[in-house]
$ cat protein-v8.tsv   # TSV, C-alpha atoms
chain	number	residue	atom	x	y	z
A	403	GLY	CA	-23.65	-17.34	31.78
A	404	MET	CA	-27.09	-17.43	30.18
A	405	MET	CA	-27.83	-15.16	27.24
A	406	ASN	CA	-31.17	-13.51	26.51
A	407	VAL	CA	-30.57	-11.63	23.28
A	408	ILE	CA	-32.37	-10.90	20.00
A	409	GLY	CA	-31.24	-9.20	16.76
A	410	MET	CA	-29.58	-9.72	13.38
A	411	ASP	CA	-26.79	-12.05	12.43
A	412	PHE	CA	-24.70	-13.21	9.46
A	413	VAL	CA	-24.78	-16.87	8.49
A	414	GLY	CA	-22.04	-18.83	10.25
A	415	ILE	CA	-21.50	-16.41	13.15
A	416	PRO	CA	-22.85	-17.79	16.44
A	417	THR	CA	-23.62	-14.43	18.10
A	418	VAL	CA	-26.07	-11.57	17.53
A	419	LEU	CA	-24.28	-8.73	15.69
A	420	ILE	CA	-26.83	-5.91	16.16
A	421	GLY	CA	-29.64	-6.17	18.71
A	422	HIS	CA	-30.53	-6.00	22.38
A	423	ASN	CA	-30.53	-8.07	25.54
A	424	GLN	CA	-32.70	-7.44	28.61
A	425	ARG	CA	-30.62	-4.40	29.70
A	426	MET	CA	-29.04	-2.71	26.67
A	427	ALA	CA	-29.20	-2.30	22.88
A	428	TRP	CA	-26.41	-1.64	20.41
A	429	THR	CA	-25.86	-0.99	16.73
A	430	THR	CA	-23.04	-0.23	14.30
A	431	THR	CA	-22.21	1.60	11.05
A	432	SER	CA	-19.13	1.41	8.80
A	433	GLY	CA	-16.16	3.39	10.14
A	434	GLY	CA	-14.44	4.15	6.83
A	435	GLY	CA	-11.05	4.52	8.57
A	436	ASP	CA	-7.68	4.03	6.87
A	437	ILE	CA	-6.73	0.48	7.91
A	438	SER	CA	-5.27	-0.89	4.65
A	439	ASP	CA	-2.17	0.18	2.70
A	440	THR	CA	-0.83	-0.75	-0.71
A	441	TYR	CA	2.90	-1.63	-0.85
A	442	ILE	CA	5.30	-1.87	-3.79
A	443	GLU	CA	7.65	-4.82	-3.36
A	444	VAL	CA	11.10	-4.77	-5.02
A	445	LEU	CA	11.69	-8.23	-6.55
A	446	ASN	CA	14.95	-10.12	-7.01
A	447	PRO	CA	15.67	-9.88	-10.78
A	448	ASP	CA	16.89	-13.52	-10.68
A	449	ASN	CA	13.88	-14.81	-8.74
A	450	HIS	CA	10.56	-12.96	-8.77
A	451	HIS	CA	9.32	-14.92	-5.75
A	452	GLN	CA	11.86	-13.15	-3.55
A	453	TYR	CA	11.46	-9.55	-2.38
A	454	LYS	CA	13.75	-7.07	-0.63
A	455	PHE	CA	13.07	-6.19	3.01
A	456	ASN	CA	15.56	-4.40	5.30
A	457	GLY	CA	18.42	-5.19	2.88
A	458	GLU	CA	17.70	-8.93	2.54
A	459	TRP	CA	15.97	-11.07	-0.08
A	460	LEU	CA	13.04	-12.85	1.60
A	461	ASP	CA	11.08	-15.76	0.08
A	462	MET	CA	7.39	-15.16	-0.55
A	463	GLU	CA	4.95	-17.58	1.08
A	464	ARG	CA	3.19	-19.67	-1.57
A	465	ARG	CA	0.02	-21.67	-1.47
A	466	ALA	CA	-2.18	-23.05	-4.23
A	467	GLU	CA	-5.95	-22.72	-4.52
A	468	THR	CA	-7.75	-25.31	-6.65
A	469	ILE	CA	-10.67	-23.74	-8.49
A	470	ARG	CA	-13.31	-25.79	-10.33
A	471	VAL	CA	-14.01	-23.99	-13.60
A	472	ARG	CA	-17.11	-24.99	-15.57
A	473	GLN	CA	-16.36	-25.78	-19.24
A	474	SER	CA	-18.61	-25.11	-22.26
A	475	ASP	CA	-19.80	-28.76	-22.31
A	476	GLY	CA	-20.97	-28.50	-18.68
A	477	SER	CA	-18.07	-30.46	-17.21
A	478	PHE	CA	-15.61	-29.06	-14.65
A	479	LYS	CA	-11.89	-28.61	-15.00
A	480	GLU	CA	-9.71	-28.12	-11.91
A	481	VAL	CA	-7.39	-25.14	-12.30
A	482	GLU	CA	-4.61	-24.51	-9.80
A	483	GLU	CA	-4.09	-20.86	-8.92
A	484	PRO	CA	-0.89	-20.06	-6.96
A	485	LEU	CA	-1.19	-17.30	-4.34
A	486	TYR	CA	1.85	-15.45	-3.03
A	487	ARG	CA	2.21	-13.40	0.16
A	488	THR	CA	4.91	-11.13	1.60
A	489	ILE	CA	5.13	-9.87	5.20
A	490	HIS	CA	2.78	-7.07	4.09
A	491	GLY	CA	0.07	-9.20	2.56
A	492	VAL	CA	-1.15	-11.06	-0.49
A	493	VAL	CA	0.30	-10.18	-3.92
A	494	THR	CA	-2.47	-8.51	-5.93
A	495	GLY	CA	-0.42	-7.57	-9.02
A	496	TRP	CA	2.90	-8.15	-10.79
A	497	ASP	CA	5.12	-5.84	-12.87
A	498	GLU	CA	7.61	-8.44	-14.13
A	499	LYS	CA	9.36	-6.03	-16.50
A	500	ASN	CA	10.32	-3.64	-13.69
A	501	HIS	CA	10.84	-6.37	-11.04
A	502	ARG	CA	7.98	-5.10	-8.86
A	503	ALA	CA	4.92	-6.62	-7.17
A	504	ILE	CA	1.90	-4.99	-5.48
A	505	THR	CA	0.71	-6.17	-2.06
A	506	VAL	CA	-1.99	-4.95	0.34
A	507	LYS	CA	-1.51	-4.82	4.11
A	508	HIS	CA	-4.56	-4.90	6.43
A	509	ALA	CA	-4.35	-3.81	10.06
A	510	TRP	CA	-6.88	-6.46	11.09
A	511	TRP	CA	-5.02	-9.38	9.52
A	512	GLY	CA	-4.18	-12.31	11.84
A	513	ASN	CA	-6.31	-12.21	14.96
A	514	TYR	CA	-9.51	-10.80	13.47
A	515	ASP	CA	-12.02	-13.67	13.72
A	516	TYR	CA	-11.34	-14.69	17.31
A	517	SER	CA	-11.30	-11.16	18.73
A	518	MET	CA	-14.46	-10.22	16.78
A	519	LEU	CA	-16.37	-13.24	18.14
A	520	LYS	CA	-15.19	-12.49	21.67
A	521	ALA	CA	-16.33	-8.86	21.30
A	522	PHE	CA	-19.83	-9.74	20.08
A	523	LEU	CA	-20.23	-12.42	22.74
A	524	GLY	CA	-19.40	-9.64	25.20
A	525	PHE	CA	-22.07	-7.38	23.69
A	526	ASN	CA	-24.65	-10.18	23.88
A	527	ARG	CA	-24.01	-10.49	27.64
A	528	ALA	CA	-23.23	-6.82	28.43
A	529	GLU	CA	-24.90	-5.24	31.44
A	530	ASP	CA	-23.46	-1.72	31.33
A	531	VAL	CA	-21.29	0.76	29.37
A	532	LYS	CA	-18.05	-0.68	30.79
A	533	ASP	CA	-18.91	-4.17	29.47
A	534	PHE	CA	-19.69	-2.64	26.09
A	535	GLU	CA	-16.43	-0.69	25.93
A	536	ARG	CA	-14.45	-3.85	26.71
A	537	GLY	CA	-16.01	-5.47	23.63
A	538	CYS	CA	-15.36	-2.42	21.45
A	539	ARG	CA	-11.63	-2.49	22.30
A	540	LEU	CA	-11.36	-5.98	20.78
A	541	ILE	CA	-12.75	-5.16	17.32
A	542	GLN	CA	-10.02	-4.64	14.73
A	543	SER	CA	-12.03	-3.62	11.65
A	544	THR	CA	-13.22	-0.03	11.16
A	545	HIS	CA	-16.68	0.68	12.66
A	546	HIS	CA	-18.75	3.13	14.67
A	547	PHE	CA	-20.51	1.47	17.64
A	548	PHE	CA	-23.50	2.89	19.54
A	549	TYR	CA	-24.96	1.83	22.88
A	550	ALA	CA	-28.10	2.62	24.89
A	551	ASP	CA	-29.40	0.98	28.07
A	552	GLN	CA	-32.50	1.03	30.26
A	553	LYS	CA	-30.79	3.23	32.85
A	554	GLY	CA	-30.57	5.97	30.21
A	555	ASP	CA	-26.82	5.72	29.47
A	556	ILE	CA	-25.72	6.14	25.84
A	557	ALA	CA	-22.23	5.72	24.37
A	558	TYR	CA	-20.28	5.94	21.10
A	559	TYR	CA	-16.91	4.40	20.13
A	560	TRP	CA	-14.88	4.47	16.89
A	561	VAL	CA	-13.35	1.01	16.88
A	562	GLY	CA	-10.58	-0.67	14.89
A	563	ARG	CA	-6.81	-0.89	14.55
A	564	TYR	CA	-5.62	2.37	12.98
A	565	PRO	CA	-1.99	2.31	11.82
A	566	ILE	CA	0.47	5.10	12.61
A	567	HIS	CA	2.33	5.75	9.35
A	568	ALA	CA	6.05	6.41	9.02
A	569	GLU	CA	6.96	10.07	8.74
A	570	GLY	CA	6.88	11.33	5.18
A	571	THR	CA	4.40	8.66	4.01
A	572	ASP	CA	1.75	10.04	1.66
A	573	PRO	CA	-1.46	8.07	2.34
A	574	ARG	CA	-2.66	8.79	-1.22
A	575	LEU	CA	0.24	6.81	-2.73
A	576	PRO	CA	1.59	3.26	-2.30
A	577	SER	CA	4.36	2.76	0.28
A	578	MET	CA	7.66	1.09	-0.53
A	579	GLY	CA	7.85	-2.44	0.89
A	580	THR	CA	11.62	-2.38	1.43
A	581	GLY	CA	11.39	-1.59	5.16
A	582	GLU	CA	11.59	2.17	5.57
A	583	GLN	CA	7.81	2.80	5.39
A	584	GLU	CA	6.57	0.27	7.92
A	585	TRP	CA	3.79	1.20	10.34
A	586	ARG	CA	4.94	2.61	13.68
A	587	GLY	CA	2.28	0.82	15.74
A	588	VAL	CA	-1.43	1.62	16.03
A	589	VAL	CA	-3.42	4.52	17.50
A	590	ARG	CA	-3.99	4.09	21.26
A	591	TRP	CA	-7.57	3.33	22.31
A	592	LYS	CA	-7.88	6.53	24.39
A	593	LYS	CA	-7.13	8.55	21.24
A	594	HIS	CA	-10.13	7.06	19.38
A	595	PRO	CA	-13.17	9.34	19.07
A	596	GLN	CA	-15.55	8.19	21.84
A	597	SER	CA	-18.24	9.64	24.06
A	598	VAL	CA	-20.45	8.57	26.97
A	599	ASN	CA	-23.61	10.56	27.81
A	600	PRO	CA	-22.82	13.73	25.79
A	601	LYS	CA	-24.58	16.96	26.76
A	602	GLN	CA	-26.65	16.97	23.55
A	603	GLY	CA	-28.18	13.63	24.58
A	604	TYR	CA	-27.90	11.78	21.26
A	605	PHE	CA	-25.58	10.53	18.50
A	606	GLY	CA	-26.24	10.53	14.74
A	607	ASN	CA	-24.29	8.68	12.06
A	608	TRP	CA	-24.66	7.16	8.60
A	609	ASN	CA	-21.12	5.80	8.02
A	610	ASN	CA	-19.80	9.38	8.10
A	611	LYS	CA	-16.44	10.23	9.68
A	612	PRO	CA	-16.34	10.63	13.47
A	613	GLY	CA	-14.85	14.15	13.45
A	614	ASP	CA	-13.28	16.72	11.14
A	615	LYS	CA	-9.67	15.87	11.98
A	616	TRP	CA	-10.05	12.13	11.35
A	617	LYS	CA	-9.10	10.71	7.96
A	618	SER	CA	-11.95	8.67	6.57
A	619	LEU	CA	-13.00	6.95	3.37
A	620	TYR	CA	-16.29	8.87	3.74
A	621	ASN	CA	-15.52	12.55	3.97
A	622	ARG	CA	-17.51	15.43	5.43
A	623	VAL	CA	-19.80	15.41	2.38
A	624	PHE	CA	-22.00	12.45	3.26
A	625	TRP	CA	-25.47	11.39	4.43
A	626	GLY	CA	-24.95	11.78	8.18
A	627	HIS	CA	-25.46	15.56	8.34
A	628	ARG	CA	-29.15	15.13	7.52
A	629	ILE	CA	-29.75	13.00	10.66
A	630	LEU	CA	-27.91	15.48	12.89
A	631	GLU	CA	-29.87	18.45	11.50
A	632	ARG	CA	-33.16	16.61	12.08
A	633	LEU	CA	-32.26	15.70	15.69
A	634	LYS	CA	-31.00	19.22	16.39
A	635	ASN	CA	-34.38	20.67	15.39
A	636	ASP	CA	-36.31	18.39	17.73
A	637	ASP	CA	-34.74	15.85	20.06
A	638	ALA	CA	-38.11	14.74	21.51
A	639	ILE	CA	-38.71	12.12	18.87
A	640	THR	CA	-41.17	9.24	18.45
A	641	LEU	CA	-40.34	5.77	17.15
A	642	GLU	CA	-42.28	6.53	13.95
A	643	GLU	CA	-40.28	9.73	13.42
A	644	MET	CA	-37.04	7.79	14.00
A	645	GLU	CA	-38.06	5.28	11.32
A	646	HIS	CA	-38.90	8.15	8.98
A	647	ILE	CA	-35.45	9.73	9.49
A	648	ALA	CA	-33.82	6.47	8.34
A	649	VAL	CA	-35.98	6.16	5.21
A	650	GLU	CA	-35.73	9.85	4.33
A	651	THR	CA	-31.94	9.94	4.82
A	652	GLY	CA	-31.37	6.83	2.70
A	653	ARG	CA	-33.39	8.26	-0.18
A	654	ASN	CA	-31.82	11.69	-0.01
A	655	ASP	CA	-29.19	12.74	-2.58
A	656	PHE	CA	-26.66	14.16	-0.12
A	657	MET	CA	-24.47	15.67	-2.89
A	658	SER	CA	-27.28	18.09	-3.77
A	659	ASP	CA	-27.48	19.28	-0.14
A	660	TYR	CA	-23.92	20.54	-0.45
A	661	LEU	CA	-23.85	21.57	-4.11
A	662	GLU	CA	-27.38	22.87	-4.83
A	663	SER	CA	-26.73	26.48	-3.78
A	664	TYR	CA	-23.59	26.68	-5.96
A	665	LEU	CA	-25.38	25.15	-8.96
A	666	LEU	CA	-28.36	27.50	-8.59
A	667	GLU	CA	-26.02	30.48	-8.35
A	668	GLY	CA	-24.14	29.30	-11.43
A	669	ALA	CA	-27.35	28.80	-13.41
A	670	GLN	CA	-28.45	32.38	-12.61
A	671	HIS	CA	-25.19	33.87	-13.89
A	672	PRO	CA	-25.58	36.04	-17.03
A	673	ARG	CA	-22.91	34.04	-18.89
A	674	ALA	CA	-24.76	30.77	-18.23
A	675	ALA	CA	-27.36	31.54	-20.92
A	676	SER	CA	-24.65	31.61	-23.60
A	677	ASP	CA	-23.17	28.24	-22.57
A	678	ALA	CA	-24.05	25.71	-25.26
A	679	ARG	CA	-24.73	22.96	-22.72
A	680	ILE	CA	-27.19	25.09	-20.76
A	681	GLY	CA	-28.64	26.43	-23.99
A	682	GLN	CA	-29.91	22.94	-24.76
A	683	VAL	CA	-32.46	23.32	-21.98
A	684	GLU	CA	-35.61	25.15	-23.06
A	685	ASP	CA	-35.87	28.52	-21.30
A	686	SER	CA	-32.31	27.84	-20.25
A	687	ARG	CA	-31.85	29.55	-16.90
A	688	ASN	CA	-35.26	28.69	-15.41
A	689	GLY	CA	-35.08	25.22	-16.95
A	690	VAL	CA	-31.78	24.44	-15.27
A	691	VAL	CA	-33.00	25.83	-11.95
A	692	GLU	CA	-36.12	23.63	-12.13
A	693	ILE	CA	-34.09	20.52	-13.01
A	694	ILE	CA	-31.73	21.11	-10.08
A	695	LYS	CA	-34.60	21.77	-7.67
A	696	ASN	CA	-36.48	18.66	-8.78
A	697	TYR	CA	-33.33	16.58	-8.57
A	698	SER	CA	-32.39	17.70	-5.10
A	699	HIS	CA	-35.88	17.11	-3.69
A	700	ARG	CA	-36.36	13.79	-5.42
A	701	ARG	CA	-37.79	11.02	-3.28
A	702	GLY	CA	-38.22	7.31	-3.90
A	703	ASP	CA	-35.83	4.81	-5.38
A	704	GLY	CA	-35.78	6.08	-8.99

$ encode --input "protein-v8.tsv" --output "structure tokens"
Amino acid sequence: GMMNVIGMDFVGIPTVLIGHNQRMAWTTTSGGGDISDTYIEVLNPDNHHQYKFNGEWLDMERRAETIRVRQSDGSFKEVEEPLYRTIHGVVTGWDEKNHRAITVKHAWWGNYDYSMLKAFLGFNRAEDVKDFERGCRLIQSTHHFFYADQKGDIAYYWVGRYPIHAEGTDPRLPSMGTGEQEWRGVVRWKKHPQSVNPKQGYFGNWNNKPGDKWKSLYNRVFWGHRILERLKNDDAITLEEMEHIAVETGRNDFMSDYLESYLLEGAQHPRAASDARIGQVEDSRNGVVEIIKNYSHRRGDG
């Protein structure tokens, strides 16, 4: 069917990525979800291009990249760089001495490009929330997606393929690539944080995690709280005010919002005056308080 859509795009992608058609508008922020894992591969001591998986030695896939490297005299020399891959992913490091290799596994690997294009083509043509949700289900990378249409419907979806880890896996550490710490599938779509027409009447997000119980690269301490506080105070908002929220949030030092009260309390403590580091500030206690206050209310791009 015909498309009537306007918005932003990346070079080489034949669809609008953020924008609106004649019925609805949509946008996205980074999801920060855990969709990549590091694995330690156990290598065959007699052949470092074989690795152990479920009790067998498997051959790594190999391909060569030819890279043109500029020389000091301006000429180019072609250097061949071999790349190796296991069932988990590309080898990013070698520990020859201990017969180990490091690989990284991505949940989106394999079908990413096609499903992403199909999703955005769906957004470009979407007529209602159901159309939009169908597109969101296809996206495998980690994002927040937001929707609003002329009927007044709004929606939010946390999209991506989120692996279910084997029991006993510590997400802070690499997993063993020998077979016992493989993913146990991905989180079902219905379990993803999502909402259509919430009672509060709005969504606010700046890459921050979708909810307290969800693991995210961006934790609770992040920019997003500032948007939500602003909308909570007054949800009857003009376009100019909306633009101001974006600028003000981006220039805000969110760490100070969370830490300022603790720092001020610490600076007022009697023992603070005797601390050599604080003593370097003239009129130590008041000086530190002023510095913290100025820092936390700083504006501009300095």

$ closest_residue --input "protein-v8.tsv" --among "A:Gly652, A:Pro447, A:Gly554, A:Gly524" --to "A:Leu540" --atoms "all atoms listed in the file"
A:Gly524

$ closest_atom_pairs --input "protein-v8.tsv" --of "stretch 579-605 of chain A" --to "stretch 494-511 of chain A" --cutoff "10 Å" --atoms "all atoms listed in the file" --output "CSV"
residue,atom,partner,partner_atom,distance
A:Gly579,CA,A:Thr505,CA,8.6
A:Trp585,CA,A:Ala509,CA,9.6
A:Gly587,CA,A:Ala509,CA,9.9
A:Val588,CA,A:Ala509,CA,8.6

$ residues_around --input "protein-v8.tsv" --residues "stretch 525-531 of chain A" --least-positions-apart "4" --cutoff "12 Å" --atoms "all atoms listed in the file" --output "ChimeraX atom specification"
/A:403-411,416-430,518-521,535-541,547-559,597-599

$ write_last_selection --input "protein-v8.tsv" --atoms "C-alpha atoms" --output "short mmCIF file (atom, residue, chain, number, x, y, z; two decimals), in the coordinates of the input"
data_model
loop_
_atom_site.label_atom_id
_atom_site.label_comp_id
_atom_site.auth_asym_id
_atom_site.auth_seq_id
_atom_site.Cartn_x
_atom_site.Cartn_y
_atom_site.Cartn_z
CA GLY A 403 -23.65 -17.34 31.78
CA MET A 404 -27.09 -17.43 30.18
CA MET A 405 -27.83 -15.16 27.24
CA ASN A 406 -31.17 -13.51 26.51
CA VAL A 407 -30.57 -11.63 23.28
CA ILE A 408 -32.37 -10.90 20.00
CA GLY A 409 -31.24 -9.20 16.76
CA MET A 410 -29.58 -9.72 13.38
CA ASP A 411 -26.79 -12.05 12.43
CA PRO A 416 -22.85 -17.79 16.44
CA THR A 417 -23.62 -14.43 18.10
CA VAL A 418 -26.07 -11.57 17.53
CA LEU A 419 -24.28 -8.73 15.69
CA ILE A 420 -26.83 -5.91 16.16
CA GLY A 421 -29.64 -6.17 18.71
CA HIS A 422 -30.53 -6.00 22.38
CA ASN A 423 -30.53 -8.07 25.54
CA GLN A 424 -32.70 -7.44 28.61
CA ARG A 425 -30.62 -4.40 29.70
CA MET A 426 -29.04 -2.71 26.67
CA ALA A 427 -29.20 -2.30 22.88
CA TRP A 428 -26.41 -1.64 20.41
CA THR A 429 -25.86 -0.99 16.73
CA THR A 430 -23.04 -0.23 14.30
CA MET A 518 -14.46 -10.22 16.78
CA LEU A 519 -16.37 -13.24 18.14
CA LYS A 520 -15.19 -12.49 21.67
CA ALA A 521 -16.33 -8.86 21.30
CA GLU A 535 -16.43 -0.69 25.93
CA ARG A 536 -14.45 -3.85 26.71
CA GLY A 537 -16.01 -5.47 23.63
CA CYS A 538 -15.36 -2.42 21.45
CA ARG A 539 -11.63 -2.49 22.30
CA LEU A 540 -11.36 -5.98 20.78
CA ILE A 541 -12.75 -5.16 17.32
CA PHE A 547 -20.51 1.47 17.64
CA PHE A 548 -23.50 2.89 19.54
CA TYR A 549 -24.96 1.83 22.88
CA ALA A 550 -28.10 2.62 24.89
CA ASP A 551 -29.40 0.98 28.07
CA GLN A 552 -32.50 1.03 30.26
CA LYS A 553 -30.79 3.23 32.85
CA GLY A 554 -30.57 5.97 30.21
CA ASP A 555 -26.82 5.72 29.47
CA ILE A 556 -25.72 6.14 25.84
CA ALA A 557 -22.23 5.72 24.37
CA TYR A 558 -20.28 5.94 21.10
CA TYR A 559 -16.91 4.40 20.13
CA SER A 597 -18.24 9.64 24.06
CA VAL A 598 -20.45 8.57 26.97
CA ASN A 599 -23.61 10.56 27.81
#

$ closest_residue --input "protein-v8.tsv" --among "A:Glu645, A:Pro672, A:Gly606, A:Gly491" --to "A:Glu631" --atoms "only C-alpha atoms"
A:Gly606

$ closest_residue --input "protein-v8.tsv" --among "A:Lys532, A:His627, A:Lys617, A:Arg472" --to "A:Asp436" --atoms "all atoms listed in the file"
A:Lys617

$ closest_residue --input "protein-v8.tsv" --among "A:Pro573, A:Gly581, A:Pro600, A:Pro595" --to "A:Asp614" --atoms "only C-alpha atoms"
A:Pro595

$ atom_distance --input "protein-v8.tsv" --atom1 "atom CA of A:His546" --atom2 "atom CA of A:Lys592"
15.0 Å

$ atom_distance --input "protein-v8.tsv" --atom1 "atom CA of A:Glu584" --atom2 "atom CA of A:Met462"
17.6 Å

$ atom_distance --input "protein-v8.tsv" --atom1 "atom CA of A:Ala648" --atom2 "atom CA of A:Leu630"
11.7 Å

$ closest_residue --input "protein-v8.tsv" --among "A:Val481, A:Lys611, A:Tyr516, A:His594" --to "A:Ile415" --atoms "all atoms listed in the file"
A:Tyr516

$ closest_residue --input "protein-v8.tsv" --among "A:Thr651, A:Thr440, A:Thr431, A:Asn610" --to "A:Val492" --atoms "all atoms listed in the file"
A:Thr440

$ closest_atom_pairs --input "protein-v8.tsv" --of "stretch 545-646 of chain A" --to "stretch 659-668 of chain A" --cutoff "12 Å" --atoms "all atoms listed in the file" --output "tab-separated table"
residue	atom	partner	partner_atom	distance
A:Arg622	CA	A:Tyr660	CA	10.1
A:Val623	CA	A:Tyr660	CA	7.2
A:Phe624	CA	A:Tyr660	CA	9.1
A:Trp625	CA	A:Asp659	CA	9.3
A:Gly626	CA	A:Asp659	CA	11.5
A:His627	CA	A:Asp659	CA	9.5
A:Arg628	CA	A:Asp659	CA	8.9
A:Glu631	CA	A:Asp659	CA	11.9

$ residues_near_point --input "protein-v8.tsv" --point "(-9.8, 6.9, 9.0)" --cutoff "8 Å" --atoms "all atoms listed in the file" --output "JSON list (two decimals) with C-alpha atoms, in the frame of the given file"
[["chain", "number", "residue", "atom", "x", "y", "z"],
["A", 433, "GLY", "CA", -16.16, 3.39, 10.14],
["A", 434, "GLY", "CA", -14.44, 4.15, 6.83],
["A", 435, "GLY", "CA", -11.05, 4.52, 8.57],
["A", 436, "ASP", "CA", -7.68, 4.03, 6.87],
["A", 437, "ILE", "CA", -6.73, 0.48, 7.91],
["A", 564, "TYR", "CA", -5.62, 2.37, 12.98],
["A", 611, "LYS", "CA", -16.44, 10.23, 9.68],
["A", 616, "TRP", "CA", -10.05, 12.13, 11.35],
["A", 617, "LYS", "CA", -9.10, 10.71, 7.96],
["A", 618, "SER", "CA", -11.95, 8.67, 6.57],
["A", 619, "LEU", "CA", -13.00, 6.95, 3.37]]

$ build_atoms --input "protein-v8.tsv" --residues "stretch 409-420 of chain A" --atoms "N, CA and C atoms" --output "PDB file, in the frame of the given file"
ATOM      1  N   GLY A 409     -31.762 -10.172  17.728  1.00  0.00           N
ATOM      2  CA  GLY A 409     -31.240  -9.200  16.760  1.00  0.00           C
ATOM      3  C   GLY A 409     -30.865  -9.857  15.455  1.00  0.00           C
ATOM      4  N   MET A 410     -29.965  -9.201  14.700  1.00  0.00           N
ATOM      5  CA  MET A 410     -29.580  -9.720  13.380  1.00  0.00           C
ATOM      6  C   MET A 410     -28.223 -10.401  13.457  1.00  0.00           C
ATOM      7  N   ASP A 411     -27.985 -11.234  12.428  1.00  0.00           N
ATOM      8  CA  ASP A 411     -26.790 -12.050  12.430  1.00  0.00           C
ATOM      9  C   ASP A 411     -26.382 -12.314  10.978  1.00  0.00           C
ATOM     10  N   PHE A 412     -25.129 -12.681  10.752  1.00  0.00           N
ATOM     11  CA  PHE A 412     -24.700 -13.210   9.460  1.00  0.00           C
ATOM     12  C   PHE A 412     -24.590 -14.717   9.576  1.00  0.00           C
ATOM     13  N   VAL A 413     -24.866 -15.406   8.487  1.00  0.00           N
ATOM     14  CA  VAL A 413     -24.780 -16.870   8.490  1.00  0.00           C
ATOM     15  C   VAL A 413     -23.385 -17.307   8.911  1.00  0.00           C
ATOM     16  N   GLY A 414     -23.334 -18.276   9.835  1.00  0.00           N
ATOM     17  CA  GLY A 414     -22.040 -18.830  10.250  1.00  0.00           C
ATOM     18  C   GLY A 414     -21.437 -18.177  11.472  1.00  0.00           C
ATOM     19  N   ILE A 415     -22.041 -17.075  11.957  1.00  0.00           N
ATOM     20  CA  ILE A 415     -21.500 -16.410  13.150  1.00  0.00           C
ATOM     21  C   ILE A 415     -22.447 -16.676  14.323  1.00  0.00           C
ATOM     22  N   PRO A 416     -21.955 -17.323  15.379  1.00  0.00           N
ATOM     23  CA  PRO A 416     -22.850 -17.790  16.440  1.00  0.00           C
ATOM     24  C   PRO A 416     -23.189 -16.752  17.507  1.00  0.00           C
ATOM     25  N   THR A 417     -23.204 -15.473  17.148  1.00  0.00           N
ATOM     26  CA  THR A 417     -23.620 -14.430  18.100  1.00  0.00           C
ATOM     27  C   THR A 417     -24.491 -13.430  17.356  1.00  0.00           C
ATOM     28  N   VAL A 418     -25.287 -12.659  18.117  1.00  0.00           N
ATOM     29  CA  VAL A 418     -26.070 -11.570  17.530  1.00  0.00           C
ATOM     30  C   VAL A 418     -25.137 -10.388  17.278  1.00  0.00           C
ATOM     31  N   LEU A 419     -25.202  -9.808  16.073  1.00  0.00           N
ATOM     32  CA  LEU A 419     -24.280  -8.730  15.690  1.00  0.00           C
ATOM     33  C   LEU A 419     -24.843  -7.330  15.995  1.00  0.00           C
ATOM     34  N   ILE A 420     -26.158  -7.163  15.807  1.00  0.00           N
ATOM     35  CA  ILE A 420     -26.830  -5.910  16.160  1.00  0.00           C
ATOM     36  C   ILE A 420     -28.134  -6.309  16.848  1.00  0.00           C
TER      37      ILE A 420
END
